[in-house]
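Asks: The following file, final.cif, comprises mmCIF, C-alpha atoms:
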```
data_data
loop_
_atom_site.group_PDB
_atom_site.id
_atom_site.type_symbol
_atom_site.label_atom_id
_atom_site.label_comp_id
_atom_site.auth_asym_id
_atom_site.auth_seq_id
_atom_site.Cartn_x
_atom_site.Cartn_y
_atom_site.Cartn_z
ATOM 1 C CA MET D 1017 -5.477 -27.022 37.079
ATOM 2 C CA THR D 1018 -1.689 -26.810 37.021
ATOM 3 C CA GLY D 1019 -1.678 -26.856 33.232
ATOM 4 C CA THR D 1020 -4.204 -24.024 33.180
ATOM 5 C CA MET D 1021 -2.111 -21.990 35.626
ATOM 6 C CA LEU D 1022 1.036 -22.521 33.566
ATOM 7 C CA GLN D 1023 -0.790 -21.475 30.385
ATOM 8 C CA GLN D 1024 -2.069 -18.305 32.037
ATOM 9 C CA ASP D 1025 1.389 -17.457 33.379
ATOM 10 C CA GLU D 1026 3.063 -17.751 29.964
ATOM 11 C CA PRO D 1027 4.328 -14.333 28.800
ATOM 12 C CA ARG D 1028 2.391 -12.863 25.887
ATOM 13 C CA ARG D 1029 4.308 -12.405 22.670
ATOM 14 C CA PRO D 1030 4.776 -8.637 22.122
ATOM 15 C CA GLN D 1031 2.855 -7.143 19.213
ATOM 16 C CA PHE D 1032 5.782 -4.892 18.298
ATOM 17 C CA LEU D 1033 9.540 -5.351 18.529
ATOM 18 C CA THR D 1034 12.108 -2.658 19.214
ATOM 19 C CA THR D 1035 15.054 -1.907 16.969
ATOM 20 C CA ARG D 1036 17.381 -3.693 19.398
ATOM 21 C CA GLU D 1037 15.128 -6.778 19.518
ATOM 22 C CA VAL D 1038 15.028 -6.958 15.718
ATOM 23 C CA ALA D 1039 18.815 -6.536 15.579
ATOM 24 C CA ASP D 1040 19.245 -9.386 18.049
ATOM 25 C CA LEU D 1041 16.819 -11.529 16.057
ATOM 26 C CA LEU D 1042 18.698 -10.896 12.803
ATOM 27 C CA ARG D 1043 22.121 -10.958 14.482
ATOM 28 C CA VAL D 1044 23.078 -7.619 13.016
ATOM 29 C CA LYS D 1045 23.880 -4.194 14.424
ATOM 30 C CA GLU D 1046 21.038 -1.766 15.171
ATOM 31 C CA ARG D 1047 22.381 0.587 12.469
ATOM 32 C CA LYS D 1048 21.629 -2.102 9.868
ATOM 33 C CA VAL D 1049 18.008 -2.322 11.062
ATOM 34 C CA TYR D 1050 17.633 1.442 10.689
ATOM 35 C CA ASP D 1051 19.065 1.208 7.162
ATOM 36 C CA LEU D 1052 16.608 -1.574 6.251
ATOM 37 C CA ALA D 1053 13.690 0.491 7.501
ATOM 38 C CA ALA D 1054 14.864 3.622 5.671
ATOM 39 C CA ALA D 1055 15.048 1.634 2.430
ATOM 40 C CA ASP D 1056 11.562 0.201 3.098
ATOM 41 C CA GLU D 1057 13.008 -3.308 2.978
ATOM 42 C CA ILE D 1058 11.619 -4.497 6.310
ATOM 43 C CA PRO D 1059 8.083 -4.223 7.780
ATOM 44 C CA HIS D 1060 7.962 -1.318 10.232
ATOM 45 C CA ARG D 1061 5.794 1.428 11.698
ATOM 46 C CA ARG D 1062 6.449 4.865 13.086
ATOM 47 C CA ILE D 1063 4.286 5.313 16.160
ATOM 48 C CA THR D 1064 4.495 8.583 18.146
ATOM 49 C CA GLY D 1065 7.817 9.207 16.452
ATOM 50 C CA LYS D 1066 9.290 5.875 17.479
ATOM 51 C CA LEU D 1067 10.347 3.129 15.074
ATOM 52 C CA LEU D 1068 8.629 -0.186 15.888
ATOM 53 C CA PHE D 1069 8.395 -3.498 14.062
ATOM 54 C CA PRO D 1070 5.205 -5.672 13.920
ATOM 55 C CA ALA D 1071 6.289 -9.030 15.354
ATOM 56 C CA GLU D 1072 4.112 -11.204 13.094
ATOM 57 C CA GLU D 1073 5.191 -9.382 9.946
ATOM 58 C CA ILE D 1074 8.856 -9.548 10.938
ATOM 59 C CA HIS D 1075 8.707 -13.318 11.439
ATOM 60 C CA ALA D 1076 6.813 -13.729 8.142
ATOM 61 C CA TRP D 1077 9.416 -11.540 6.444
ATOM 62 C CA ILE D 1078 12.227 -13.684 7.831
ATOM 63 C CA ASP D 1079 10.435 -16.880 6.762
ATOM 64 C CA GLY D 1080 9.914 -15.493 3.272
ATOM 65 C CA THR D 1081 6.131 -15.662 3.578
ATOM 66 C CA GLY D 1082 5.571 -11.952 4.004
ATOM 67 C CA SER D 1083 4.462 -9.722 1.114
ATOM 68 C CA LYS D 1084 5.224 -6.213 0.013
ATOM 69 C CA ALA D 1085 1.636 -5.304 0.830
ATOM 70 C CA THR D 1086 2.422 -5.659 4.558
ATOM 71 C CA ARG D 1087 5.151 -3.031 4.486
ATOM 72 C CA GLU D 1088 4.554 0.557 5.408
ATOM 73 C CA ARG D 1089 3.993 2.430 2.157
ATOM 74 C CA PRO D 1090 5.578 5.830 1.565
ATOM 75 C CA ASP D 1091 3.282 8.861 1.370
ATOM 76 C CA VAL D 1092 3.534 8.952 -2.423
ATOM 77 C CA LEU D 1093 0.835 9.548 -5.032
ATOM 78 C CA ALA D 1094 1.915 7.884 -8.275
ATOM 79 C CA GLY D 1095 0.207 7.293 -11.616
ATOM 80 C CA SER D 1096 -1.414 9.643 -14.065
ATOM 81 C CA HIS D 1097 -1.333 13.420 -13.928
ATOM 82 C CA ASP D 1098 -4.576 15.257 -13.205
ATOM 83 C CA PRO D 1099 -4.567 19.068 -12.841
ATOM 84 C CA LEU D 1100 -7.363 19.083 -10.262
ATOM 85 C CA LEU D 1101 -5.710 16.371 -8.183
ATOM 86 C CA ASP D 1102 -2.324 18.072 -8.446
ATOM 87 C CA TRP D 1103 -3.856 21.334 -7.202
ATOM 88 C CA ALA D 1104 -5.740 19.578 -4.387
ATOM 89 C CA VAL D 1105 -2.553 17.936 -3.076
ATOM 90 C CA ARG D 1106 -0.911 21.360 -2.774
ATOM 91 C CA ALA D 1107 -3.955 23.301 -1.571
ATOM 92 C CA SER D 1108 -4.887 20.745 1.087
ATOM 93 C CA GLY D 1109 -1.384 20.678 2.571
ATOM 94 C CA CYS D 1110 -1.703 16.891 2.887
ATOM 95 C CA GLY D 1111 2.022 16.322 2.414
ATOM 96 C CA LEU D 1112 1.759 13.641 -0.256
ATOM 97 C CA ALA D 1113 4.656 13.517 -2.693
ATOM 98 C CA THR D 1114 3.622 13.152 -6.344
ATOM 99 C CA LEU D 1115 5.332 10.972 -8.923
ATOM 100 C CA CYS D 1116 3.212 11.151 -12.053
ATOM 101 C CA ASN D 1117 4.492 9.125 -14.988
ATOM 102 C CA GLY D 1118 1.354 7.509 -16.361
ATOM 103 C CA SER D 1119 -1.308 5.055 -15.247
ATOM 104 C CA ARG D 1120 0.695 1.885 -15.921
ATOM 105 C CA ASP D 1121 3.706 3.220 -14.064
ATOM 106 C CA GLY D 1122 1.414 4.058 -11.152
ATOM 107 C CA LEU D 1123 0.028 0.524 -11.053
ATOM 108 C CA THR D 1124 3.550 -0.914 -11.078
ATOM 109 C CA ARG D 1125 4.684 1.302 -8.224
ATOM 110 C CA PHE D 1126 1.539 0.490 -6.258
ATOM 111 C CA GLU D 1127 2.024 -3.243 -6.796
ATOM 112 C CA GLU D 1128 5.634 -2.959 -5.612
ATOM 113 C CA GLY D 1129 4.575 -1.107 -2.457
ATOM 114 C CA LYS D 1130 6.294 2.109 -3.538
ATOM 115 C CA ALA D 1131 3.165 4.291 -3.458
ATOM 116 C CA ALA D 1132 0.177 4.686 -1.150
ATOM 117 C CA LEU D 1133 -2.075 5.853 -3.995
ATOM 118 C CA ALA D 1134 -2.119 5.656 -7.780
ATOM 119 C CA GLY D 1135 -4.227 7.823 -10.083
ATOM 120 C CA ILE D 1136 -5.384 5.866 -13.136
ATOM 121 C CA HIS D 1137 -7.606 6.253 -16.206
ATOM 122 C CA ILE D 1138 -7.161 3.099 -18.260
ATOM 123 C CA PRO D 1139 -9.674 2.301 -21.018
ATOM 124 C CA GLU D 1140 -11.071 -1.232 -20.891
ATOM 125 C CA ASP D 1141 -13.553 -3.263 -22.920
ATOM 126 C CA THR D 1142 -16.373 -2.623 -20.439
ATOM 127 C CA GLY D 1143 -15.354 0.637 -18.801
ATOM 128 C CA TRP D 1144 -12.403 2.110 -16.983
ATOM 129 C CA ASN D 1145 -9.796 0.989 -14.454
ATOM 130 C CA VAL D 1146 -11.590 -1.821 -12.584
ATOM 131 C CA ALA D 1147 -10.163 -4.772 -14.520
ATOM 132 C CA SER D 1148 -6.705 -3.182 -14.497
ATOM 133 C CA ALA D 1149 -6.761 -2.777 -10.717
ATOM 134 C CA ALA D 1150 -8.155 -6.270 -10.152
ATOM 135 C CA GLY D 1151 -5.562 -7.742 -12.503
ATOM 136 C CA LEU D 1152 -2.721 -6.693 -10.202
ATOM 137 C CA GLY D 1153 -3.662 -9.370 -7.708
ATOM 138 C CA VAL D 1154 -2.978 -7.036 -4.763
ATOM 139 C CA THR D 1155 -4.778 -7.280 -1.426
ATOM 140 C CA ASN D 1156 -5.899 -4.551 0.979
ATOM 141 C CA ALA D 1157 -6.664 -2.081 -1.796
ATOM 142 C CA VAL D 1158 -9.681 -0.008 -2.771
ATOM 143 C CA LEU D 1159 -10.450 1.825 -6.024
ATOM 144 C CA VAL D 1160 -12.143 5.153 -5.272
ATOM 145 C CA ALA D 1161 -13.673 7.452 -7.886
ATOM 146 C CA TRP D 1162 -12.077 10.878 -8.195
ATOM 147 C CA ALA D 1163 -13.834 12.476 -11.178
ATOM 148 C CA ILE D 1164 -15.248 11.980 -14.641
ATOM 149 C CA ARG D 1165 -13.228 13.998 -17.144
ATOM 150 C CA GLN D 1166 -14.039 15.184 -20.640
ATOM 151 C CA ARG D 1167 -11.268 14.108 -23.010
ATOM 152 C CA GLY D 1168 -10.772 14.987 -26.649
ATOM 153 C CA LEU D 1169 -8.458 16.660 -29.125
ATOM 154 C CA LEU D 1170 -6.612 19.818 -28.153
ATOM 155 C CA ILE D 1171 -6.253 21.767 -31.393
ATOM 156 C CA SER D 1172 -4.131 24.791 -32.234
ATOM 157 C CA PRO D 1173 -6.003 27.867 -33.514
ATOM 158 C CA GLU D 1174 -4.264 27.508 -36.899
ATOM 159 C CA SER D 1175 -5.544 23.935 -37.302
ATOM 160 C CA ALA D 1176 -9.105 24.471 -36.066
ATOM 161 C CA ARG D 1177 -10.609 24.325 -39.549
ATOM 162 C CA SER D 1178 -8.599 21.355 -40.822
ATOM 163 C CA ILE D 1179 -9.006 19.042 -37.806
ATOM 164 C CA ARG D 1180 -12.622 18.087 -37.161
ATOM 165 C CA SER D 1181 -12.154 14.406 -36.316
ATOM 166 C CA VAL D 1182 -9.482 11.887 -35.334
ATOM 167 C CA GLY D 1183 -9.278 10.860 -38.987
ATOM 168 C CA ASP D 1184 -8.083 14.358 -39.890
ATOM 169 C CA LEU D 1185 -4.880 13.870 -37.883
ATOM 170 C CA GLU D 1186 -3.182 11.974 -40.685
ATOM 171 C CA GLY D 1187 -0.250 14.049 -41.862
ATOM 172 C CA LYS D 1188 -0.535 16.452 -38.935
ATOM 173 C CA ARG D 1189 1.942 17.100 -36.129
ATOM 174 C CA VAL D 1190 0.667 15.425 -32.966
ATOM 175 C CA ALA D 1191 2.099 15.575 -29.444
ATOM 176 C CA LEU D 1192 2.081 12.005 -28.108
ATOM 177 C CA ARG D 1193 1.974 10.820 -24.498
ATOM 178 C CA GLN D 1194 4.475 8.340 -23.050
ATOM 179 C CA PRO D 1195 3.850 4.589 -23.442
ATOM 180 C CA GLY D 1196 1.758 3.258 -20.563
ATOM 181 C CA ALA D 1197 -0.125 6.506 -20.031
ATOM 182 C CA GLY D 1198 -3.901 6.130 -20.043
ATOM 183 C CA ALA D 1199 -4.126 8.814 -22.726
ATOM 184 C CA ALA D 1200 -1.641 6.910 -24.916
ATOM 185 C CA LEU D 1201 -3.661 3.697 -24.623
ATOM 186 C CA LEU D 1202 -6.886 5.486 -25.493
ATOM 187 C CA PHE D 1203 -5.296 7.405 -28.369
ATOM 188 C CA SER D 1204 -3.987 4.214 -29.973
ATOM 189 C CA SER D 1205 -7.496 2.778 -29.875
ATOM 190 C CA LEU D 1206 -9.077 5.934 -31.350
ATOM 191 C CA LEU D 1207 -6.505 6.079 -34.159
ATOM 192 C CA ALA D 1208 -7.091 2.421 -35.012
ATOM 193 C CA GLU D 1209 -10.853 3.001 -35.194
ATOM 194 C CA ALA D 1210 -10.288 5.971 -37.519
ATOM 195 C CA GLY D 1211 -7.860 4.022 -39.711
ATOM 196 C CA VAL D 1212 -4.917 6.308 -38.956
ATOM 197 C CA ASP D 1213 -1.432 4.786 -38.734
ATOM 198 C CA GLU D 1214 0.070 6.040 -35.462
ATOM 199 C CA ASP D 1215 3.616 5.405 -36.672
ATOM 200 C CA LYS D 1216 3.138 7.869 -39.516
ATOM 201 C CA LEU D 1217 2.119 10.810 -37.332
ATOM 202 C CA ALA D 1218 4.592 13.670 -37.233
ATOM 203 C CA GLY D 1219 5.231 15.733 -34.140
ATOM 204 C CA PRO D 1220 7.795 16.940 -31.608
ATOM 205 C CA LYS D 1221 10.534 14.580 -30.477
ATOM 206 C CA GLY D 1222 10.009 12.750 -27.209
ATOM 207 C CA HIS D 1223 6.776 12.335 -25.288
ATOM 208 C CA ALA D 1224 4.601 14.625 -23.212
ATOM 209 C CA HIS D 1225 4.571 13.207 -19.677
ATOM 210 C CA THR D 1226 1.683 15.260 -18.274
ATOM 211 C CA GLU D 1227 -1.568 16.787 -19.469
ATOM 212 C CA GLY D 1228 0.111 20.180 -19.209
ATOM 213 C CA GLU D 1229 3.088 19.197 -21.355
ATOM 214 C CA ALA D 1230 0.806 17.934 -24.122
ATOM 215 C CA ALA D 1231 -1.206 21.160 -24.112
ATOM 216 C CA ALA D 1232 1.915 23.321 -23.950
ATOM 217 C CA ALA D 1233 3.335 21.638 -27.064
ATOM 218 C CA VAL D 1234 0.219 22.599 -29.013
ATOM 219 C CA ALA D 1235 0.108 26.117 -27.579
ATOM 220 C CA ALA D 1236 3.780 26.682 -28.439
ATOM 221 C CA GLY D 1237 3.214 25.679 -32.069
ATOM 222 C CA ASP D 1238 5.292 22.511 -31.798
ATOM 223 C CA ALA D 1239 2.228 20.380 -32.584
ATOM 224 C CA ASP D 1240 -1.079 20.856 -34.358
ATOM 225 C CA ALA D 1241 -3.002 18.686 -31.894
ATOM 226 C CA ALA D 1242 -2.815 16.345 -28.925
ATOM 227 C CA LEU D 1243 -5.196 14.125 -27.021
ATOM 228 C CA GLY D 1244 -5.964 15.933 -23.777
ATOM 229 C CA ILE D 1245 -8.598 17.015 -21.302
ATOM 230 C CA GLU D 1246 -10.913 19.988 -21.570
ATOM 231 C CA ALA D 1247 -9.343 21.704 -18.556
ATOM 232 C CA MET D 1248 -6.043 22.037 -20.424
ATOM 233 C CA ALA D 1249 -7.750 23.335 -23.561
ATOM 234 C CA ARG D 1250 -9.268 26.128 -21.490
ATOM 235 C CA GLN D 1251 -6.051 26.950 -19.689
ATOM 236 C CA TYR D 1252 -4.008 27.199 -22.889
ATOM 237 C CA LYS D 1253 -6.829 28.735 -24.960
ATOM 238 C CA LEU D 1254 -6.876 25.886 -27.488
ATOM 239 C CA GLY D 1255 -9.640 24.446 -29.594
ATOM 240 C CA PHE D 1256 -11.295 21.377 -28.099
ATOM 241 C CA LEU D 1257 -13.051 18.498 -29.852
ATOM 242 C CA PRO D 1258 -14.743 16.292 -27.190
ATOM 243 C CA LEU D 1259 -14.440 12.531 -27.789
ATOM 244 C CA VAL D 1260 -15.033 10.543 -24.580
ATOM 245 C CA GLU D 1261 -15.866 10.864 -20.908
ATOM 246 C CA GLU D 1262 -13.319 8.950 -18.847
ATOM 247 C CA SER D 1263 -13.212 7.809 -15.239
ATOM 248 C CA PHE D 1264 -10.213 9.006 -13.275
ATOM 249 C CA ASP D 1265 -9.905 6.900 -10.110
ATOM 250 C CA LEU D 1266 -7.549 6.539 -7.168
ATOM 251 C CA LEU D 1267 -6.242 3.096 -6.242
ATOM 252 C CA ILE D 1268 -5.516 3.357 -2.511
ATOM 253 C CA ASP D 1269 -3.873 0.998 -0.061
ATOM 254 C CA ARG D 1270 -6.516 0.356 2.624
ATOM 255 C CA ARG D 1271 -4.067 0.903 5.463
ATOM 256 C CA SER D 1272 -2.813 4.123 3.895
ATOM 257 C CA TYR D 1273 -6.410 5.255 3.359
ATOM 258 C CA PHE D 1274 -6.720 5.951 7.086
ATOM 259 C CA THR D 1275 -3.440 7.834 7.412
ATOM 260 C CA GLU D 1276 -3.461 11.603 7.860
ATOM 261 C CA PRO D 1277 -2.192 12.504 4.335
ATOM 262 C CA CYS D 1278 -4.922 10.499 2.566
ATOM 263 C CA GLN D 1279 -7.668 11.580 4.926
ATOM 264 C CA GLN D 1280 -6.662 15.216 4.606
ATOM 265 C CA LEU D 1281 -6.713 15.049 0.802
ATOM 266 C CA LEU D 1282 -10.075 13.265 0.637
ATOM 267 C CA ALA D 1283 -11.643 15.616 3.180
ATOM 268 C CA PHE D 1284 -10.443 18.633 1.188
ATOM 269 C CA ALA D 1285 -12.050 17.173 -1.947
ATOM 270 C CA HIS D 1286 -15.461 17.733 -0.321
ATOM 271 C CA THR D 1287 -14.947 21.435 0.373
ATOM 272 C CA GLN D 1288 -16.496 24.325 -1.520
ATOM 273 C CA ASP D 1289 -13.040 25.526 -2.577
ATOM 274 C CA PHE D 1290 -12.468 22.215 -4.324
ATOM 275 C CA VAL D 1291 -15.833 22.323 -6.114
ATOM 276 C CA GLU D 1292 -15.195 25.875 -7.301
ATOM 277 C CA LYS D 1293 -11.736 24.955 -8.576
ATOM 278 C CA ALA D 1294 -13.172 22.044 -10.591
ATOM 279 C CA GLU D 1295 -15.743 24.385 -12.132
ATOM 280 C CA ALA D 1296 -13.054 26.943 -12.965
ATOM 281 C CA LEU D 1297 -10.846 24.338 -14.653
ATOM 282 C CA GLY D 1298 -13.772 22.918 -16.625
ATOM 283 C CA GLY D 1299 -14.443 19.463 -18.019
ATOM 284 C CA TYR D 1300 -14.969 17.750 -14.638
ATOM 285 C CA ARG D 1301 -17.991 15.956 -13.193
ATOM 286 C CA LEU D 1302 -17.762 15.296 -9.457
ATOM 287 C CA GLU D 1303 -20.946 13.402 -8.624
ATOM 288 C CA VAL D 1304 -18.966 10.148 -8.413
ATOM 289 C CA LEU D 1305 -16.277 11.541 -6.078
ATOM 290 C CA GLY D 1306 -15.541 9.188 -3.179
ATOM 291 C CA SER D 1307 -17.636 6.260 -4.376
ATOM 292 C CA VAL D 1308 -16.043 2.806 -4.163
ATOM 293 C CA ARG D 1309 -15.518 1.299 -7.614
ATOM 294 C CA TRP D 1310 -13.725 -1.897 -6.553
ATOM 295 C CA LEU D 1311 -12.493 -3.653 -3.419
ATOM 296 C CA SER D 1312 -9.668 -6.167 -3.388
ATOM 297 C CA PRO D 1313 -10.145 -9.563 -1.660
#
```
For this file, write the structure as structure tokens.
Replies:
Amino acid sequence: MTGTMLQQDEPRRPQFLTTREVADLLRVKERKVYDLAAADEIPHRRITGKLLFPAEEIHAWIDGTGSKATRERPDVLAGSHDPLLDWAVRASGCGLATLCNGSRDGLTRFEEGKAALAGIHIPEDTGWNVASAAGLGVTNAVLVAWAIRQRGLLISPESARSIRSVGDLEGKRVALRQPGAGAALLFSSLLAEAGVDEDKLAGPKGHAHTEGEAAAAVAAGDADAALGIEAMARQYKLGFLPLVEESFDLLIDRRSYFTEPCQQLLAFAHTQDFVEKAEALGGYRLEVLGSVRWLSP
């Protein structure tokens, strides 16, 4: 009876700690706690404008058993560039910051907890993206389909007659994407199948870091061709030789999925304005939009 009463009277451990409580726990000044939170180096939440710290995650962080996946992720969309996605982020007013430097870079940033979402289109032996996402070993993540895109060769008007296949690229000037980009991985595979030595391709110095940069290089006459998507061929009035249909997916942190920026973007993707924009750009199929392609453990 007494034991039961004592157990009931024990104070409950708070779910969240204040900045002062965390400072006392770490034996540092409150300013240091604010600096740790600003650098995303300590688990924290912003609730109704107030900075709070999940007690369990803080203790796990101190013990060294916490993981980067438990930290609050910044509202950043990393990974590969997609014109439709880029437009939707702006048009929806969702507030996501974009940092597009290729699919592999997006996966790295997602794994490190530096992005809430990552856009990827990585060719695999049996499809696209799923094995790459699963191979990260992250938890609390979901791979959601964004669109199926038509990808092929963007060809300058002057080269339309001489480039009718990947094999015809030998000796031509080709704008290449940066290492780690999904397009670069696919292009290497297509060149190998066609028996073309990638190292012997000519072209502009440096790499194109977005779909737009690759198309612009061809349109400006700096390259005869580039691997790109149909939407860019239309925009820059280039020839287009279709080669593959690729899956462009979004790898999303499950906690971030329910935040306002993600929800606003995904809701906008189901509006008529979004559908009409995809049709205007060309080369997109949207029947897969929103479907779950993979769930982490």
Asks: Compare D:Leu1100, D:Leu1067, D:Ala1134, D:Ala1294 by their minimum atom-to-atom distance to Thr1114 in chain D, counting only C-alpha atoms, and give me the closest one.
Replies: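 Looking only at the distances to Thr1114 in chain D, the closest residue turns out to be D:Ala1134.
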Asks: Using the chain letters and residue numbers of this document, give as a PyMOL selection string the residues selected by the PyMOL selection byres ((chain D and resi 1124-1128) around 9).
Replies: chain D and resi 1084-1085+1089+1094-1095+1119-1123+1129-1134+1152-1154+1267-1269
Asks: Print the selection's residues with C-alpha atoms to a file, as an mmCIF file, in the frame of the given file.
Replies:
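What follows is the written file result10.cif:
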```cif
data_model
loop_
_atom_site.group_PDB
_atom_site.id
_atom_site.type_symbol
_atom_site.label_atom_id
_atom_site.label_comp_id
_atom_site.auth_asym_id
_atom_site.auth_seq_id
_atom_site.Cartn_x
_atom_site.Cartn_y
_atom_site.Cartn_z
ATOM 1 C CA LYS D 1084 5.224 -6.213 0.013
ATOM 2 C CA ALA D 1085 1.636 -5.304 0.830
ATOM 3 C CA ARG D 1089 3.993 2.430 2.157
ATOM 4 C CA ALA D 1094 1.915 7.884 -8.275
ATOM 5 C CA GLY D 1095 0.207 7.293 -11.616
ATOM 6 C CA SER D 1119 -1.308 5.055 -15.247
ATOM 7 C CA ARG D 1120 0.695 1.885 -15.921
ATOM 8 C CA ASP D 1121 3.706 3.220 -14.064
ATOM 9 C CA GLY D 1122 1.414 4.058 -11.152
ATOM 10 C CA LEU D 1123 0.028 0.524 -11.053
ATOM 11 C CA GLY D 1129 4.575 -1.107 -2.457
ATOM 12 C CA LYS D 1130 6.294 2.109 -3.538
ATOM 13 C CA ALA D 1131 3.165 4.291 -3.458
ATOM 14 C CA ALA D 1132 0.177 4.686 -1.150
ATOM 15 C CA LEU D 1133 -2.075 5.853 -3.995
ATOM 16 C CA ALA D 1134 -2.119 5.656 -7.780
ATOM 17 C CA LEU D 1152 -2.721 -6.693 -10.202
ATOM 18 C CA GLY D 1153 -3.662 -9.370 -7.708
ATOM 19 C CA VAL D 1154 -2.978 -7.036 -4.763
ATOM 20 C CA LEU D 1267 -6.242 3.096 -6.242
ATOM 21 C CA ILE D 1268 -5.516 3.357 -2.511
ATOM 22 C CA ASP D 1269 -3.873 0.998 -0.061
#
```
Asks: Do you have the CA of Gln1031 in chain D-CA of Phe1069 in chain D distance handy?
Replies: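 According to the coordinates, CA of Gln1031 in chain D and CA of Phe1069 in chain D are separated by 8.4 Å.
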Asks: Let me have the centre and edge lengths in Å, one decimal, of the box along x, y and z around every listed atom of range 1029-1043 of chain D with 3 Å of margin on each side, as JSON.
Replies:
```
{"center_x": 12.5, "center_y": -7.2, "center_z": 17.7, "size_x": 25.3, "size_y": 16.5, "size_z": 15.9}
```
Asks: Name the residues captured by the PyMOL selection byres ((chain D and resi 1276) around 12) when it is applied to the shown file; answer as a CSV table (one decimal) with C-alpha atoms, in the coordinates of the input.
Replies:
```
chain,number,residue,atom,x,y,z
D,1091,ASP,CA,3.3,8.9,1.4
D,1108,SER,CA,-4.9,20.7,1.1
D,1109,GLY,CA,-1.4,20.7,2.6
D,1110,CYS,CA,-1.7,16.9,2.9
D,1111,GLY,CA,2.0,16.3,2.4
D,1112,LEU,CA,1.8,13.6,-0.3
D,1132,ALA,CA,0.2,4.7,-1.2
D,1271,ARG,CA,-4.1,0.9,5.5
D,1272,SER,CA,-2.8,4.1,3.9
D,1273,TYR,CA,-6.4,5.3,3.4
D,1274,PHE,CA,-6.7,6.0,7.1
D,1275,THR,CA,-3.4,7.8,7.4
D,1277,PRO,CA,-2.2,12.5,4.3
D,1278,CYS,CA,-4.9,10.5,2.6
D,1279,GLN,CA,-7.7,11.6,4.9
D,1280,GLN,CA,-6.7,15.2,4.6
D,1281,LEU,CA,-6.7,15.0,0.8
D,1282,LEU,CA,-10.1,13.3,0.6
D,1283,ALA,CA,-11.6,15.6,3.2
D,1284,PHE,CA,-10.4,18.6,1.2
```
Asks: Quick check, in Å to one decimal: how far apart do CA of Val1291 in chain D and CA of Ser1148 in chain D lie?
Replies: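 Separation of CA of Val1291 in chain D and CA of Ser1148 in chain D: 28.4 Å.
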Asks: Between D:Asp1265, D:Glu1072, D:Glu1174, D:Glu1209, which has the minimum distance to Leu1159 in chain D (counting only C-alpha atoms)?
Replies: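 Under the stated criterion, the closest residue is D:Asp1265.
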Asks: Using all atoms listed in the file, pick whichever of D:Leu1266, D:Arg1193, D:Lys1216, D:Ala1163 has the shortest atom-to-atom distance to Leu1302 in chain D.
Replies: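 Closest to Leu1302 in chain D of all the choices is D:Ala1163.
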Asks: To one decimal place, how far is CA of Gln1166 in chain D from CA of Pro1258 in chain D in Å?
Replies: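 Taking CA of Gln1166 in chain D as the start and CA of Pro1258 in chain D as the end point, the length is 6.7 Å.
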Asks: Using only C-alpha atoms, which residue out of D:Leu1243, D:Ile1058, D:Ala1113, D:Leu1068 lies closest to Arg1036 in chain D?
Replies: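 Under the stated criterion, the closest residue is D:Leu1068.
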Asks: When distances are computed from all atoms listed in the file, which of D:Gly1228, D:Pro1070, D:Pro1139, D:Gly1299 shows the smallest separation from Gly1196 in chain D?
Replies: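 Closest residue, counting all atoms listed in the file: D:Pro1139.
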Asks: Applied to this file, what does the PyMOL selection byres ((chain D and resi 1247-1253) around 12) return in terms of residues, put as a VMD selection string?
Replies: chain D and resid 1097 to 1100 1165 to 1173 1226 to 1237 1241 to 1246 1254 to 1258 1293 to 1301
Asks: Go through D:Ile1164, D:Val1146, D:Ala1218, D:Ile1074 one by one, measure the shortest atom-to-atom distance of each to Phe1264 in chain D using only C-alpha atoms, and give the residue with the smallest value.
Replies: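 Smallest separation from Phe1264 in chain D among the options: D:Ile1164.
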Asks: Can you tell me, as a count of residues only, what residues are no more than 12 Å from Gly1187 in chain D when counting all atoms listed in the file, ignoring any on the same chain fewer than 2 positions away?
Replies: 19
Asks: Would you be able to write out as a PyMOL selection string which residues have an atom within 12 Å of (4.7, -7.7, 19.3) in the file's coordinates, counting only C-alpha atoms?
Replies: chain D and resi 1027-1034+1037-1038+1060-1061+1068-1075
